[in-house]
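> Below you'll find query32.cif; it's mmCIF, C-alpha atoms.
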data_start
loop_
_atom_site.label_atom_id
_atom_site.label_comp_id
_atom_site.auth_asym_id
_atom_site.auth_seq_id
_atom_site.Cartn_x
_atom_site.Cartn_y
_atom_site.Cartn_z
CA MET A 1 17.83 2.85 -20.69
CA ALA A 2 14.31 3.34 -21.97
CA PHE A 3 10.99 1.55 -21.93
CA ASN A 4 8.93 0.07 -24.72
CA GLU A 5 5.60 -0.09 -22.91
CA VAL A 6 3.89 0.97 -19.66
CA LYS A 7 0.66 -0.75 -18.64
CA LEU A 8 -1.53 0.20 -15.71
CA GLU A 9 -3.20 -3.03 -14.64
CA GLU A 10 -5.47 -3.98 -11.73
CA ASP A 11 -2.54 -5.54 -9.81
CA GLY A 12 -0.02 -2.78 -10.48
CA VAL A 13 2.19 -1.05 -13.01
CA HIS A 14 3.94 -3.22 -15.61
CA ILE A 15 6.84 -1.89 -17.68
CA LEU A 16 8.58 -3.57 -20.61
CA TRP A 17 12.09 -2.13 -20.89
CA ASP A 18 14.06 -1.84 -24.12
CA ASP A 19 16.44 -4.57 -22.91
CA GLY A 20 13.52 -7.03 -22.73
CA HIS A 21 13.10 -6.97 -18.94
CA PHE A 22 9.51 -6.94 -17.64
CA SER A 23 9.19 -4.95 -14.40
CA TYR A 24 6.27 -5.14 -12.00
CA TYR A 25 5.30 -2.67 -9.25
CA PRO A 26 2.28 -3.03 -6.96
CA HIS A 27 0.41 0.30 -6.94
CA ARG A 28 0.76 0.91 -3.19
CA PHE A 29 4.46 0.00 -3.21
CA LEU A 30 5.23 2.41 -6.07
CA ARG A 31 3.15 5.27 -4.62
CA GLY A 32 4.93 4.73 -1.28
CA HIS A 33 8.29 5.25 -3.00
CA CYS A 34 7.46 8.63 -4.49
CA CYS A 35 10.43 10.98 -4.12
CA CYS A 36 8.69 14.35 -4.52
CA ALA A 37 9.16 17.14 -1.95
CA GLY A 38 5.74 16.37 -0.46
CA CYS A 39 6.72 12.76 0.22
CA VAL A 40 10.38 13.24 1.17
CA GLU A 41 11.79 16.18 3.15
CA GLU A 42 14.12 18.02 0.81
CA MET A 43 16.71 19.02 3.42
CA THR A 44 16.95 15.81 5.43
CA GLY A 45 15.81 13.16 2.96
CA ARG A 46 13.46 11.80 5.64
CA ARG A 47 10.44 10.07 4.13
CA ARG A 48 7.15 11.79 4.99
CA VAL A 49 4.92 9.36 3.08
CA ALA A 50 5.85 5.68 3.11
CA GLU A 51 4.04 2.65 1.74
CA GLU A 52 2.19 2.07 5.03
CA ASP A 53 0.82 5.65 4.82
CA VAL A 54 -0.78 5.01 1.43
CA ARG A 55 -4.32 3.66 1.12
CA GLU A 56 -4.43 -0.02 0.21
CA ASP A 57 -6.78 0.63 -2.71
CA ILE A 58 -4.51 3.22 -4.40
CA GLN A 59 -4.22 2.92 -8.17
CA ALA A 60 -2.10 4.59 -10.82
CA VAL A 61 -4.76 6.01 -13.15
CA ASP A 62 -2.57 7.65 -15.78
CA TRP A 63 1.07 8.26 -16.62
CA MET A 64 3.29 10.35 -18.86
CA GLN A 65 6.86 10.21 -19.98
CA ILE A 66 9.15 12.94 -18.62
CA GLY A 67 11.90 13.62 -21.14
CA ARG A 68 14.04 10.57 -21.81
CA TYR A 69 14.71 9.75 -18.17
CA ALA A 70 11.53 9.36 -16.10
CA VAL A 71 7.84 8.56 -15.78
CA GLN A 72 5.25 10.53 -13.83
CA PHE A 73 2.07 8.92 -12.52
CA LEU A 74 -1.33 10.31 -11.60
CA TRP A 75 -2.62 8.40 -8.57
CA SER A 76 -6.20 7.80 -7.51
CA ASP A 77 -5.53 9.95 -4.41
CA THR A 78 -4.84 12.85 -6.90
CA HIS A 79 -1.11 12.87 -6.11
CA ASP A 80 0.82 13.68 -9.29
CA SER A 81 4.04 15.51 -8.41
CA GLY A 82 6.38 12.52 -8.18
CA ILE A 83 8.84 11.80 -10.96
CA TYR A 84 10.22 8.27 -11.15
CA PRO A 85 13.57 8.19 -13.00
CA TYR A 86 14.18 5.02 -15.00
CA ASP A 87 17.13 3.99 -12.83
CA LEU A 88 14.97 4.25 -9.69
CA LEU A 89 12.23 2.19 -11.32
CA ARG A 90 14.72 -0.54 -12.22
CA LYS A 91 15.98 -0.62 -8.62
CA LEU A 92 12.42 -0.82 -7.28
CA CYS A 93 11.38 -3.67 -9.61
CA ARG A 94 9.34 -6.32 -7.78
CA CYS A 95 9.43 -9.04 -10.44
CA SER A 96 10.45 -12.50 -9.23
CA GLU A 97 13.83 -12.29 -10.98
CA CYS A 98 14.76 -9.00 -9.28
CA LEU A 99 13.44 -10.10 -5.88
CA VAL A 100 15.64 -13.22 -6.02
CA GLY A 101 18.65 -11.04 -6.92
CA GLU A 102 17.80 -8.70 -4.03
CA ASN A 103 17.90 -11.62 -1.59
CA ASN A 104 21.34 -12.67 -2.86
CA ILE A 105 22.98 -9.33 -2.12
#
Would you mind writing the file's structure down as structure tokens?

Amino acid sequence: MAFNEVKLEEDGVHILWDDGHFSYYPHRFLRGHCCCAGCVEEMTGRRRVAEEDVREDIQAVDWMQIGRYAVQFLWSDTHDSGIYPYDLLRKLCRCSECLVGENNI
């Protein structure tokens, strides 16, 4: 799995995957699913920072590819330690196709 393009738009992060799927993630939703040690307790897995803890006006302002397996975002709140593996991003996809599939599970 890999991506062809990542776009940071006003409404969120848009990713075109190499299989042709277009994923969409609202900024606040994606920031609220950060899995870094500051956002999730390492020993218990308990979430410290959830979507409702993130400012509504949060924006991804930059990104970089991490190896061949993940993307890292710089957020407007200066948070930048979260790494989003491709498989996690696919599971978090908020496009209409994936949301319908989520409701059928």
> Just checking: using all atoms listed in the file, which residue out of A:Glu97, A:Glu56, A:Val49, A:Arg90 ends up closest to Tyr69 of chain A?
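For Tyr69 of chain A, the nearest of the candidates is A:Arg90.
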> Between A:Arg55, A:Ile15, A:Gly38, A:Val61, single out the one closest to Arg94 of chain A, counting only C-alpha atoms.
A:Ile15
> For Ser81 of chain A, which of A:Leu99, A:Asp11, A:Tyr25, A:Arg31 is the closest residue, counting all atoms listed in the file?
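Looking at the shortest contact to Ser81 of chain A, the residue is A:Arg31.
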> Quick one: distance from atom CA of Trp75 of chain A to atom CA of Trp63 of chain A in Å, one decimal?
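Atom CA of Trp75 of chain A sits 8.9 Å away from atom CA of Trp63 of chain A.
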> Name every residue that the PyMOL selection byres ((chain A and resi 23) around 6) selects in this structure, writing the answer as a list of chain:residue names with chains first and numbers rising.
A:His14, A:Ile15, A:Phe22, A:Tyr24, A:Cys93, A:Cys95
> Between A:Glu9, A:Gln59, A:Trp17, A:Ala50, single out the one closest to Leu89 of chain A, counting all atoms listed in the file.
A:Trp17
> Apply the PyMOL selection byres ((chain A and resi 10) around 10) to the file shown and report the selected residues as a list of chain:residue names.
A:Lys7, A:Leu8, A:Glu9, A:Asp11, A:Gly12, A:Val13, A:Pro26, A:His27, A:Gln59, A:Ala60
> Could you list, as a ChimeraX atom specification, every residue within 7 Å of Glu51 of chain A, counting only C-alpha atoms and ignoring same-chain residues fewer than 4 positions away?
/A:28-29,31-33
